[in-house]
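Asks: What follows is the file my_file_35.cif, containing mmCIF, C-alpha atoms:
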```
data_work
loop_
_atom_site.group_PDB
_atom_site.id
_atom_site.type_symbol
_atom_site.label_atom_id
_atom_site.label_comp_id
_atom_site.auth_asym_id
_atom_site.auth_seq_id
_atom_site.Cartn_x
_atom_site.Cartn_y
_atom_site.Cartn_z
ATOM 1 C CA MET A 24 -110.812 145.474 -58.447
ATOM 2 C CA ALA A 25 -109.994 142.406 -56.375
ATOM 3 C CA ARG A 26 -106.729 142.420 -54.536
ATOM 4 C CA LYS A 27 -104.205 139.806 -55.662
ATOM 5 C CA LYS A 28 -103.747 137.075 -53.077
ATOM 6 C CA GLU A 29 -100.201 137.043 -51.705
ATOM 7 C CA GLN A 30 -98.317 133.764 -51.757
ATOM 8 C CA VAL A 31 -97.076 132.316 -48.486
ATOM 9 C CA THR A 32 -93.295 132.331 -48.688
ATOM 10 C CA PRO A 33 -90.813 129.941 -47.078
ATOM 11 C CA TRP A 34 -89.926 132.797 -44.689
ATOM 12 C CA ASP A 35 -93.589 133.060 -43.684
ATOM 13 C CA GLU A 36 -93.646 129.316 -43.006
ATOM 14 C CA MET A 37 -90.432 129.485 -40.964
ATOM 15 C CA HIS A 38 -91.707 132.498 -39.006
ATOM 16 C CA ALA A 39 -94.933 130.646 -38.179
ATOM 17 C CA SER A 40 -92.949 127.587 -37.107
ATOM 18 C CA VAL A 41 -90.787 129.676 -34.769
ATOM 19 C CA CYS A 42 -93.835 131.386 -33.276
ATOM 20 C CA LYS A 43 -95.576 128.032 -32.804
ATOM 21 C CA ALA A 44 -92.610 126.758 -30.783
ATOM 22 C CA LEU A 45 -92.994 129.777 -28.493
ATOM 23 C CA THR A 46 -96.664 129.179 -27.702
ATOM 24 C CA HIS A 47 -96.052 127.275 -24.466
ATOM 25 C CA PRO A 48 -95.683 129.497 -21.380
ATOM 26 C CA VAL A 49 -93.063 127.180 -19.836
ATOM 27 C CA ARG A 50 -90.821 127.675 -22.887
ATOM 28 C CA ILE A 51 -91.137 131.438 -22.515
ATOM 29 C CA GLN A 52 -90.308 131.089 -18.822
ATOM 30 C CA ILE A 53 -87.237 128.962 -19.615
ATOM 31 C CA LEU A 54 -85.990 131.465 -22.191
ATOM 32 C CA GLY A 55 -86.373 134.195 -19.571
ATOM 33 C CA LEU A 56 -84.238 132.202 -17.142
ATOM 34 C CA LEU A 57 -81.551 131.618 -19.777
ATOM 35 C CA ARG A 58 -81.145 135.343 -20.401
ATOM 36 C CA GLN A 59 -78.944 135.312 -17.248
ATOM 37 C CA GLY A 60 -76.622 132.697 -18.753
ATOM 38 C CA ASP A 61 -76.262 128.964 -19.247
ATOM 39 C CA LEU A 62 -78.042 126.756 -16.717
ATOM 40 C CA PRO A 63 -78.138 123.018 -16.036
ATOM 41 C CA VAL A 64 -81.445 121.219 -16.601
ATOM 42 C CA GLY A 65 -81.896 120.516 -12.887
ATOM 43 C CA GLU A 66 -81.651 124.195 -11.991
ATOM 44 C CA ILE A 67 -84.140 125.120 -14.728
ATOM 45 C CA ALA A 68 -86.500 122.450 -13.384
ATOM 46 C CA ARG A 69 -86.246 123.820 -9.828
ATOM 47 C CA ALA A 70 -86.760 127.414 -10.971
ATOM 48 C CA THR A 71 -89.854 126.542 -13.018
ATOM 49 C CA GLY A 72 -91.312 124.041 -10.564
ATOM 50 C CA ARG A 73 -91.455 121.418 -13.326
ATOM 51 C CA SER A 74 -90.051 117.928 -13.424
ATOM 52 C CA GLN A 75 -86.683 117.441 -15.071
ATOM 53 C CA PRO A 76 -88.164 115.210 -17.822
ATOM 54 C CA ASN A 77 -90.790 117.880 -18.588
ATOM 55 C CA VAL A 78 -88.157 120.623 -18.791
ATOM 56 C CA SER A 79 -85.989 118.381 -20.977
ATOM 57 C CA GLN A 80 -88.893 117.939 -23.402
ATOM 58 C CA HIS A 81 -89.355 121.708 -23.681
ATOM 59 C CA LEU A 82 -85.618 122.237 -24.094
ATOM 60 C CA ASN A 83 -85.535 119.614 -26.834
ATOM 61 C CA VAL A 84 -88.245 121.461 -28.779
ATOM 62 C CA MET A 85 -86.311 124.705 -28.431
ATOM 63 C CA ARG A 86 -83.005 123.047 -29.351
ATOM 64 C CA THR A 87 -84.606 121.595 -32.492
ATOM 65 C CA LYS A 88 -85.763 125.105 -33.451
ATOM 66 C CA GLY A 89 -82.297 126.517 -32.787
ATOM 67 C CA PHE A 90 -83.309 128.680 -29.796
ATOM 68 C CA VAL A 91 -80.947 127.013 -27.324
ATOM 69 C CA THR A 92 -77.710 125.084 -27.330
ATOM 70 C CA ALA A 93 -76.701 122.215 -25.070
ATOM 71 C CA ARG A 94 -73.280 121.377 -23.718
ATOM 72 C CA ARG A 95 -72.241 118.631 -21.355
ATOM 73 C CA SER A 96 -70.037 119.366 -18.362
ATOM 74 C CA GLY A 97 -69.428 116.298 -16.246
ATOM 75 C CA SER A 98 -72.788 114.768 -15.429
ATOM 76 C CA ASN A 99 -74.716 117.996 -16.165
ATOM 77 C CA VAL A 100 -76.145 119.290 -19.417
ATOM 78 C CA TYR A 101 -76.119 123.078 -19.589
ATOM 79 C CA TYR A 102 -78.445 125.010 -21.871
ATOM 80 C CA GLY A 103 -77.959 128.515 -23.193
ATOM 81 C CA LEU A 104 -79.488 130.911 -25.664
ATOM 82 C CA THR A 105 -78.236 130.799 -29.233
ATOM 83 C CA ASP A 106 -79.233 134.423 -29.839
ATOM 84 C CA VAL A 107 -80.279 137.025 -27.255
ATOM 85 C CA ARG A 108 -82.435 138.727 -29.889
ATOM 86 C CA LEU A 109 -85.020 136.018 -29.257
ATOM 87 C CA VAL A 110 -85.599 137.146 -25.663
ATOM 88 C CA ARG A 111 -85.478 140.784 -26.798
ATOM 89 C CA ALA A 112 -88.291 139.950 -29.234
ATOM 90 C CA LEU A 113 -90.261 138.415 -26.356
ATOM 91 C CA ASP A 114 -89.597 141.586 -24.344
ATOM 92 C CA LEU A 115 -91.015 143.693 -27.179
ATOM 93 C CA ILE A 116 -94.158 141.578 -27.234
ATOM 94 C CA ARG A 117 -94.569 142.063 -23.470
ATOM 95 C CA GLU A 118 -94.059 145.806 -23.836
ATOM 96 C CA ALA A 119 -96.745 145.922 -26.529
ATOM 97 C CA MET A 120 -99.077 143.880 -24.312
ATOM 98 C CA ALA A 121 -98.455 146.201 -21.349
ATOM 99 C CA THR A 122 -99.098 149.266 -23.496
ATOM 100 C CA ARG A 123 -102.309 147.740 -24.779
ATOM 101 C CA GLU A 124 -103.498 146.832 -21.281
ATOM 102 C CA SER A 125 -102.742 150.320 -19.941
ATOM 103 C CA ARG A 126 -105.045 151.989 -22.491
ATOM 104 C CA PRO A 127 -108.745 152.414 -21.749
ATOM 105 C CA ALA A 128 -110.808 149.568 -23.226
ATOM 106 C CA ALA A 129 -112.668 151.910 -25.597
ATOM 107 C CA SER A 130 -109.419 152.984 -27.257
ATOM 108 C CA ARG A 131 -108.223 149.423 -27.903
ATOM 109 C CA THR A 132 -108.914 148.936 -31.560
ATOM 110 C CA ARG A 133 -107.548 146.501 -34.051
ATOM 111 C CA ARG A 134 -104.912 147.880 -36.327
#
```
Render the structure in this file as structure tokens.
Replies:
Amino acid sequence: MARKKEQVTPWDEMHASVCKALTHPVRIQILGLLRQGDLPVGEIARATGRSQPNVSQHLNVMRTKGFVTARRSGSNVYYGLTDVRLVRALDLIREAMATRESRPAASRTRR
């Protein structure tokens, strides 16, 4: 008997969209920096070694997805995490990757 094909739900689409926004390593790096607290764009740029316009582009993508918030203070724009669970999810992925890499190659099977 053939298995019934599952429909892609709006939640599946949203989940994929969120994951797609996290595919750039600089965005992951920025989120890691923001776990310490709100930072101005210039400081994020210095910490990542990227130009301020490049960092602003990445922050804009993440702001559009609701990962970060922006607030102006004088001439600076500070960015912060909207929900720390996002970086905890990234931590879980890293833990899973580390566990996978620590196993002998022969025992790494798809599940």
Asks: Write out as a list of chain:residue names which residues come within 9 Å of range 30-44 of chain A when counting only C-alpha atoms, dropping same-chain ones fewer than 3 positions away.
Replies: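 Listing them by chain and then by number gives A:His47, A:Arg50, A:Val84, A:Met85, A:Lys88.
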Asks: Skip Ile53 in chain A itself and residues of its chain fewer than 2 positions away, then list as a list in words all residues within 9 Å of it, counting all atoms listed in the file.
Replies: Pro48, Val49, Arg50, Ile51, Gly55, Leu56, Leu57, Arg58, Ile67, Ala70, Thr71, Val78, His81 and Leu82 of chain A
Asks: Kindly extract all protein, DNA and RNA residues lying within 12 Å of the coordinates (-84.9, 120.2, -14.6) given in the file, considering only C-alpha atoms, and supply them as a list in words.
Replies: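 Collected hits near the coordinates: Val49, Ile53, Leu62, Pro63, Val64, Gly65, Glu66, Ile67, Ala68, Arg69, Ala70, Thr71, Gly72, Arg73, Ser74, Gln75, Pro76, Asn77, Val78, Ser79, Gln80, His81, Leu82, Asn99, Val100, Tyr101 and Tyr102 of chain A.
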Asks: Which distance in Å separates CA of Thr105 in chain A and CA of Arg117 in chain A, to one decimal?
Replies: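 Spanning CA of Thr105 in chain A to CA of Arg117 in chain A is a straight-line distance of 20.7 Å.
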Asks: What is the CA of Gly97 in chain A to CA of Leu109 in chain A distance in Å?
Replies: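 Between CA of Gly97 in chain A and CA of Leu109 in chain A the gap works out to 28.3 Å.
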Asks: Extract range 70-96 of chain A from the coordinates I pasted, and write it as a PDB file, in the first residue's frame (atoms kept: C-alpha atoms).
Replies:
```pdb
ATOM      1  CA  ALA A  70      33.735  42.062  15.854  1.00  0.00           C
ATOM      2  CA  THR A  71      32.909  40.243  12.609  1.00  0.00           C
ATOM      3  CA  GLY A  72      35.525  41.964  10.464  1.00  0.00           C
ATOM      4  CA  ARG A  73      32.815  42.997   7.992  1.00  0.00           C
ATOM      5  CA  SER A  74      31.935  46.400   6.646  1.00  0.00           C
ATOM      6  CA  GLN A  75      29.132  48.283   8.345  1.00  0.00           C
ATOM      7  CA  PRO A  76      26.954  48.228   5.183  1.00  0.00           C
ATOM      8  CA  ASN A  77      27.418  44.443   4.919  1.00  0.00           C
ATOM      9  CA  VAL A  78      26.475  43.922   8.570  1.00  0.00           C
ATOM     10  CA  SER A  79      23.478  46.228   8.126  1.00  0.00           C
ATOM     11  CA  GLN A  80      22.264  44.090   5.216  1.00  0.00           C
ATOM     12  CA  HIS A  81      22.470  40.931   7.332  1.00  0.00           C
ATOM     13  CA  LEU A  82      20.752  42.652  10.249  1.00  0.00           C
ATOM     14  CA  ASN A  83      17.980  43.827   7.942  1.00  0.00           C
ATOM     15  CA  VAL A  84      17.318  40.249   6.802  1.00  0.00           C
ATOM     16  CA  MET A  85      17.181  39.103  10.415  1.00  0.00           C
ATOM     17  CA  ARG A  86      14.983  42.037  11.455  1.00  0.00           C
ATOM     18  CA  THR A  87      12.549  41.213   8.638  1.00  0.00           C
ATOM     19  CA  LYS A  88      12.360  37.626   9.933  1.00  0.00           C
ATOM     20  CA  GLY A  89      11.809  38.853  13.489  1.00  0.00           C
ATOM     21  CA  PHE A  90      15.121  37.539  14.885  1.00  0.00           C
ATOM     22  CA  VAL A  91      16.414  40.932  16.017  1.00  0.00           C
ATOM     23  CA  THR A  92      15.066  44.302  17.034  1.00  0.00           C
ATOM     24  CA  ALA A  93      16.566  47.714  16.356  1.00  0.00           C
ATOM     25  CA  ARG A  94      16.495  50.791  18.539  1.00  0.00           C
ATOM     26  CA  ARG A  95      18.089  54.161  17.987  1.00  0.00           C
ATOM     27  CA  SER A  96      20.108  55.834  20.721  1.00  0.00           C
TER      28      SER A  96
END
```
